[in-house]
file final03.json (JSON, C-alpha atoms)
[["chain", "number", "residue", "atom", "x", "y", "z"],
["D", 638, "MET", "CA", -3.84, -15.54, 34.82],
["D", 639, "THR", "CA", -5.90, -14.30, 31.89],
["D", 640, "LYS", "CA", -6.67, -16.56, 28.93],
["D", 641, "THR", "CA", -5.73, -14.99, 25.65],
["D", 642, "ASN", "CA", -6.30, -15.80, 22.03],
["D", 643, "ARG", "CA", -4.19, -14.96, 19.00],
["D", 644, "GLU", "CA", -6.37, -12.02, 17.91],
["D", 645, "THR", "CA", -6.25, -10.44, 21.37],
["D", 646, "VAL", "CA", -2.47, -10.77, 21.50],
["D", 647, "ILE", "CA", -2.13, -9.11, 18.07],
["D", 648, "ALA", "CA", -4.55, -6.30, 18.94],
["D", 649, "GLU", "CA", -2.76, -5.56, 22.21],
["D", 650, "ALA", "CA", 0.61, -5.73, 20.48],
["D", 651, "LEU", "CA", -0.56, -3.16, 17.90],
["D", 652, "ASP", "CA", -1.85, -0.89, 20.66],
["D", 653, "LEU", "CA", 1.51, -1.23, 22.40],
["D", 654, "LEU", "CA", 3.26, -0.38, 19.12],
["D", 655, "ASP", "CA", 1.21, 2.81, 18.81],
["D", 656, "GLU", "CA", 2.06, 3.79, 22.38],
["D", 657, "VAL", "CA", 5.79, 3.05, 22.55],
["D", 658, "GLY", "CA", 7.06, 2.53, 18.98],
["D", 659, "LEU", "CA", 8.58, -0.51, 17.33],
["D", 660, "ASP", "CA", 11.93, -0.38, 19.14],
["D", 661, "ALA", "CA", 10.26, -0.53, 22.54],
["D", 662, "VAL", "CA", 7.80, -3.35, 21.79],
["D", 663, "SER", "CA", 8.82, -6.39, 23.81],
["D", 664, "THR", "CA", 7.18, -9.68, 24.68],
["D", 665, "ARG", "CA", 7.79, -8.84, 28.34],
["D", 666, "GLN", "CA", 5.79, -5.61, 28.05],
["D", 667, "LEU", "CA", 3.10, -7.33, 26.00],
["D", 668, "ALA", "CA", 2.71, -10.12, 28.54],
["D", 669, "LYS", "CA", 2.44, -7.59, 31.36],
["D", 670, "ARG", "CA", -0.17, -5.65, 29.39],
["D", 671, "LEU", "CA", -2.18, -8.85, 28.82],
["D", 672, "GLY", "CA", -1.82, -9.98, 32.44],
["D", 673, "VAL", "CA", -0.10, -13.23, 31.48],
["D", 674, "GLU", "CA", 3.31, -14.76, 31.97],
["D", 675, "GLN", "CA", 5.73, -14.10, 29.11],
["D", 676, "PRO", "CA", 6.15, -17.79, 28.14],
["D", 677, "SER", "CA", 2.38, -18.06, 27.52],
["D", 678, "LEU", "CA", 2.82, -15.81, 24.47],
["D", 679, "TYR", "CA", 4.86, -18.57, 22.84],
["D", 680, "TYR", "CA", 1.71, -20.66, 22.65],
["D", 681, "HIS", "CA", 0.49, -18.21, 19.97],
["D", 682, "PHE", "CA", 3.82, -17.07, 18.51],
["D", 683, "ARG", "CA", 6.99, -19.16, 18.62],
["D", 684, "THR", "CA", 9.23, -16.14, 18.06],
["D", 685, "LYS", "CA", 9.07, -12.37, 18.26],
["D", 686, "LYS", "CA", 9.49, -12.31, 14.47],
["D", 687, "ALA", "CA", 6.33, -14.42, 14.10],
["D", 688, "LEU", "CA", 4.49, -11.93, 16.32],
["D", 689, "LEU", "CA", 5.80, -8.97, 14.30],
["D", 690, "ASP", "CA", 4.75, -10.66, 11.04],
["D", 691, "ALA", "CA", 1.25, -11.22, 12.42],
["D", 692, "MET", "CA", 1.14, -7.60, 13.60],
["D", 693, "ALA", "CA", 2.20, -6.39, 10.15],
["D", 694, "GLN", "CA", -0.46, -8.50, 8.47],
["D", 695, "ALA", "CA", -3.16, -7.22, 10.85],
["D", 696, "ALA", "CA", -2.01, -3.63, 10.43],
["D", 697, "MET", "CA", -2.48, -3.98, 6.66],
["D", 698, "THR", "CA", -6.14, -5.01, 6.99],
["D", 699, "PRO", "CA", -7.57, -1.68, 5.73],
["D", 700, "HIS", "CA", -5.56, -1.99, 2.50],
["D", 701, "ALA", "CA", -5.97, -5.76, 2.24],
["D", 702, "THR", "CA", -9.75, -5.45, 2.38],
["D", 703, "ALA", "CA", -10.05, -2.52, -0.06],
["D", 704, "ALA", "CA", -12.09, -3.17, -3.17],
["D", 705, "LEU", "CA", -10.29, -5.02, -5.94],
["D", 706, "PRO", "CA", -10.27, -3.53, -9.44],
["D", 707, "THR", "CA", -13.08, -4.40, -11.81],
["D", 708, "PRO", "CA", -12.79, -4.82, -15.58],
["D", 709, "GLY", "CA", -14.36, -1.40, -16.26],
["D", 710, "ASP", "CA", -11.89, 0.50, -14.06],
["D", 711, "ASP", "CA", -9.25, 2.74, -15.61],
["D", 712, "TRP", "CA", -5.96, 1.05, -14.68],
["D", 713, "ARG", "CA", -4.19, 4.39, -14.09],
["D", 714, "ASP", "CA", -6.84, 5.59, -11.62],
["D", 715, "TRP", "CA", -6.86, 2.21, -9.92],
["D", 716, "PHE", "CA", -3.04, 2.05, -9.67],
["D", 717, "ARG", "CA", -2.94, 5.55, -8.18],
["D", 718, "GLU", "CA", -5.68, 4.80, -5.62],
["D", 719, "ASN", "CA", -4.23, 1.39, -4.74],
["D", 720, "THR", "CA", -0.88, 2.99, -3.94],
["D", 721, "ARG", "CA", -2.52, 5.79, -1.96],
["D", 722, "SER", "CA", -4.49, 3.19, 0.01],
["D", 723, "PHE", "CA", -1.26, 1.39, 0.86],
["D", 724, "ARG", "CA", 0.27, 4.67, 2.07],
["D", 725, "ARG", "CA", -2.76, 5.58, 4.19],
["D", 726, "THR", "CA", -2.71, 2.15, 5.79],
["D", 727, "LEU", "CA", 1.00, 2.36, 6.64],
["D", 728, "LEU", "CA", 0.42, 5.79, 8.20],
["D", 729, "MET", "CA", -2.35, 4.46, 10.47],
["D", 730, "ARG", "CA", 0.18, 2.88, 12.82],
["D", 731, "ARG", "CA", 3.17, 4.35, 14.56],
["D", 732, "ASP", "CA", 6.22, 2.92, 12.76],
["D", 733, "GLY", "CA", 3.84, 1.31, 10.25],
["D", 734, "ALA", "CA", 6.42, 1.36, 7.46],
["D", 735, "ARG", "CA", 9.11, -0.18, 9.68],
["D", 736, "LEU", "CA", 6.69, -2.86, 10.85],
["D", 737, "HIS", "CA", 5.74, -3.70, 7.26],
["D", 738, "ALA", "CA", 9.24, -3.57, 5.73],
["D", 739, "GLY", "CA", 10.71, -7.00, 5.10],
["D", 740, "THR", "CA", 7.46, -8.91, 5.56],
["D", 741, "THR", "CA", 6.00, -11.15, 2.88],
["D", 742, "PRO", "CA", 2.29, -10.67, 2.18],
["D", 743, "THR", "CA", 1.49, -14.39, 2.27],
["D", 744, "ALA", "CA", -2.16, -13.80, 3.19],
["D", 745, "ASP", "CA", -2.54, -11.34, 0.31],
["D", 746, "LEU", "CA", -1.12, -13.42, -2.57],
["D", 747, "ASP", "CA", -4.50, -14.08, -4.20],
["D", 748, "ARG", "CA", -5.36, -10.38, -4.13],
["D", 749, "ILE", "CA", -1.97, -9.47, -5.60],
["D", 750, "ALA", "CA", -2.50, -12.00, -8.40],
["D", 751, "ARG", "CA", -5.92, -10.48, -9.15],
["D", 752, "LYS", "CA", -4.39, -7.00, -9.26],
["D", 753, "MET", "CA", -1.71, -8.22, -11.65],
["D", 754, "ASP", "CA", -4.33, -9.93, -13.84],
["D", 755, "PHE", "CA", -6.29, -6.66, -13.96],
["D", 756, "LEU", "CA", -3.24, -4.70, -15.12],
["D", 757, "ALA", "CA", -2.39, -7.30, -17.76],
["D", 758, "ALA", "CA", -6.01, -7.34, -19.00],
["D", 759, "SER", "CA", -5.80, -3.54, -19.23],
["D", 760, "GLY", "CA", -2.90, -3.79, -21.65],
["D", 761, "VAL", "CA", 0.02, -3.36, -19.28],
["D", 762, "PRO", "CA", 2.79, -5.84, -20.13],
["D", 763, "GLU", "CA", 2.99, -8.43, -17.33],
["D", 764, "ARG", "CA", 6.64, -7.85, -16.45],
["D", 765, "ASP", "CA", 6.16, -4.07, -16.43],
["D", 766, "ALA", "CA", 3.10, -4.47, -14.19],
["D", 767, "GLN", "CA", 5.12, -6.61, -11.76],
["D", 768, "MET", "CA", 7.99, -4.14, -11.64],
["D", 769, "ALA", "CA", 5.67, -1.14, -11.31],
["D", 770, "MET", "CA", 3.78, -2.76, -8.42],
["D", 771, "LEU", "CA", 7.08, -3.59, -6.72],
["D", 772, "ALA", "CA", 8.49, -0.10, -7.37],
["D", 773, "ALA", "CA", 5.32, 1.58, -6.09],
["D", 774, "SER", "CA", 5.32, -0.63, -2.99],
["D", 775, "ARG", "CA", 8.94, 0.06, -2.15],
["D", 776, "PHE", "CA", 8.60, 3.75, -2.97],
["D", 777, "THR", "CA", 5.58, 3.96, -0.66],
["D", 778, "VAL", "CA", 7.28, 2.15, 2.21],
["D", 779, "GLY", "CA", 10.35, 4.38, 1.82],
["D", 780, "SER", "CA", 8.25, 7.53, 1.66],
["D", 781, "VAL", "CA", 6.27, 6.59, 4.76],
["D", 782, "LEU", "CA", 9.45, 5.52, 6.56],
["D", 783, "GLU", "CA", 10.91, 8.99, 5.97],
["D", 784, "GLU", "CA", 7.65, 10.67, 6.93],
["D", 785, "GLN", "CA", 7.30, 8.70, 10.15],
["D", 786, "ALA", "CA", 10.95, 9.31, 11.04],
["D", 787, "ASP", "CA", 10.64, 13.08, 10.55],
["D", 788, "PRO", "CA", 10.90, 14.55, 14.07],
["D", 789, "ASP", "CA", 9.52, 17.89, 12.89],
["D", 790, "PRO", "CA", 7.37, 17.50, 9.79],
["D", 791, "GLY", "CA", 8.04, 20.35, 7.44],
["D", 792, "ILE", "CA", 11.60, 21.01, 8.63],
["D", 793, "SER", "CA", 14.53, 18.79, 7.80],
["D", 794, "ALA", "CA", 17.73, 18.85, 9.86],
["D", 795, "HIS", "CA", 19.72, 18.54, 6.62],
["D", 796, "GLN", "CA", 17.80, 21.29, 4.89],
["D", 797, "PRO", "CA", 19.25, 24.81, 4.50],
["D", 798, "ALA", "CA", 17.00, 27.50, 5.97],
["D", 799, "GLU", "CA", 16.30, 29.02, 2.54],
["D", 800, "VAL", "CA", 14.87, 25.75, 1.18],
["D", 801, "PRO", "CA", 11.12, 25.38, 1.76],
["D", 802, "PRO", "CA", 10.03, 22.54, 4.06],
["D", 803, "ILE", "CA", 9.14, 19.18, 2.54],
["D", 804, "ASP", "CA", 5.45, 18.43, 2.23],
["D", 805, "HIS", "CA", 5.45, 14.64, 2.52],
["D", 806, "GLU", "CA", 2.12, 14.15, 0.79],
["D", 807, "SER", "CA", 3.06, 16.36, -2.17],
["D", 808, "ALA", "CA", 6.42, 14.61, -2.49],
["D", 809, "PHE", "CA", 4.66, 11.24, -2.42],
["D", 810, "GLU", "CA", 2.15, 12.31, -5.07],
["D", 811, "ALA", "CA", 4.95, 13.62, -7.31],
["D", 812, "GLY", "CA", 6.88, 10.35, -7.05],
["D", 813, "LEU", "CA", 3.74, 8.31, -7.66],
["D", 814, "ALA", "CA", 3.01, 10.38, -10.77],
["D", 815, "LEU", "CA", 6.49, 9.63, -12.09],
["D", 816, "ILE", "CA", 6.04, 5.88, -11.58],
["D", 817, "LEU", "CA", 2.61, 5.99, -13.19],
["D", 818, "ASP", "CA", 3.82, 8.09, -16.13],
["D", 819, "GLY", "CA", 6.65, 5.65, -16.75],
["D", 820, "LEU", "CA", 4.30, 2.69, -16.62],
["D", 821, "ALA", "CA", 1.81, 4.39, -18.94],
["D", 822, "HIS", "CA", 4.63, 5.12, -21.40],
["D", 823, "ARG", "CA", 5.71, 1.47, -21.34],
["D", 824, "ALA", "CA", 2.12, 0.29, -21.77],
["D", 825, "GLU", "CA", 1.71, 2.49, -24.87],
["D", 826, "GLN", "CA", 4.73, 0.98, -26.64]]
call {"tool": "encode", "arguments": {"input": "final03.json", "output": "structure tokens"}}
result
Amino acid sequence: MTKTNRETVIAEALDLLDEVGLDAVSTRQLAKRLGVEQPSLYYHFRTKKALLDAMAQAAMTPHATAALPTPGDDWRDWFRENTRSFRRTLLMRRDGARLHAGTTPTADLDRIARKMDFLAASGVPERDAQMAMLAASRFTVGSVLEEQADPDPGISAHQPAEVPPIDHESAFEAGLALILDGLAHRAEQ
């Protein structure tokens, strides 16, 4: 039997996710992949939900380690790039949006607070900054969820033939611009 550590279990679980998708990830398959008995996984994760939460946190590492805003940054440019970074990170993993949805970023709370402080120091009302960050986050997860669920990018099953295909990135950018324009309008009041 192979000895495993928490990081190895998470890394293998993420590789399994990329290979088979979220619905097919199982502790049985993961244990087989690691060369261990299934109950040994419970030493690291008491439940499958705990494993999925750890996977989601690890999958967010590229975004969670991105540079924080600095006082000289333009808040609009930062907000736009922060949201794009979140999207890119979700797209790095198969079913990344589904894995992330419903998790609480407990390891990222300090970074979120610093982002909120930056927006407030830039003149964005605190409550508006909170709601805009939440709206951008949920918009991004929803956009990526739709993009990752699209069996044939560019062609929608519910789309009449005469309607041009959806460009997911352009649609995302248009929605992000609307959120940012609304926030900028509120900040100017």
call {"tool": "atom_distance", "arguments": {"input": "final03.json", "atom1": "atom CA of D:Ala695", "atom2": "atom CA of D:Thr743"}}
result
12.1 Å
call {"tool": "closest_residue", "arguments": {"input": "final03.json", "among": "D:Leu705, D:Glu718, D:Val646, D:Leu667", "to": "D:Ala773", "atoms": "only C-alpha atoms"}}
result
D:Glu718
call {"tool": "closest_atom_pairs", "arguments": {"input": "final03.json", "of": "stretch 745-764 of chain D", "to": "stretch 799-822 of chain D", "cutoff": "10 Å", "atoms": "all atoms listed in the file", "output": "Markdown table"}}
result
| residue | atom | partner | partner_atom | distance |
| --- | --- | --- | --- | --- |
| D:Gly760 | CA | D:Ala821 | CA | 9.8 |
| D:Val761 | CA | D:Leu820 | CA | 7.9 |
| D:Pro762 | CA | D:Leu820 | CA | 9.3 |
call {"tool": "closest_residue", "arguments": {"input": "final03.json", "among": "D:Ala758, D:Ala738, D:Ala772, D:Ala786", "to": "D:Gly658", "atoms": "all atoms listed in the file"}}
result
D:Ala786
call {"tool": "closest_residue", "arguments": {"input": "final03.json", "among": "D:Leu727, D:Ala824, D:Leu746, D:Leu688", "to": "D:Ala766", "atoms": "all atoms listed in the file"}}
result
D:Ala824
call {"tool": "residues_around", "arguments": {"input": "final03.json", "residues": "D:Arg670", "least_positions_apart": "5", "cutoff": "10 Å", "atoms": "only C-alpha atoms", "output": "list of chain:residue names"}}
result
D:Val646, D:Glu649, D:Ala650, D:Leu653, D:Thr664, D:Arg665
call {"tool": "residues_around", "arguments": {"input": "final03.json", "residues": "D:Thr740", "least_positions_apart": "2", "cutoff": "10 Å", "atoms": "only C-alpha atoms", "output": "number ranges by chain"}}
result
D: 686, 689-691, 693-694, 735-738, 742-743
call {"tool": "atom_distance", "arguments": {"input": "final03.json", "atom1": "atom CA of D:Ala668", "atom2": "atom CA of D:Thr641"}}
result
10.2 Å
call {"tool": "residues_around", "arguments": {"input": "final03.json", "residues": "D:Leu654", "least_positions_apart": "6", "cutoff": "10 Å", "atoms": "all atoms listed in the file", "output": "list of chain:residue names"}}
result
D:Ala648, D:Asp660, D:Ala661, D:Val662, D:Ser663, D:Leu667, D:Met692, D:Arg730, D:Arg731, D:Asp732, D:Gly733, D:Leu736
call {"tool": "closest_residue", "arguments": {"input": "final03.json", "among": "D:Thr707, D:Gln785, D:Gln767, D:Ser774", "to": "D:Met753", "atoms": "all atoms listed in the file"}}
result
D:Gln767
call {"tool": "atom_distance", "arguments": {"input": "final03.json", "atom1": "atom CA of D:Asp787", "atom2": "atom CA of D:Pro699"}}
result
23.9 Å
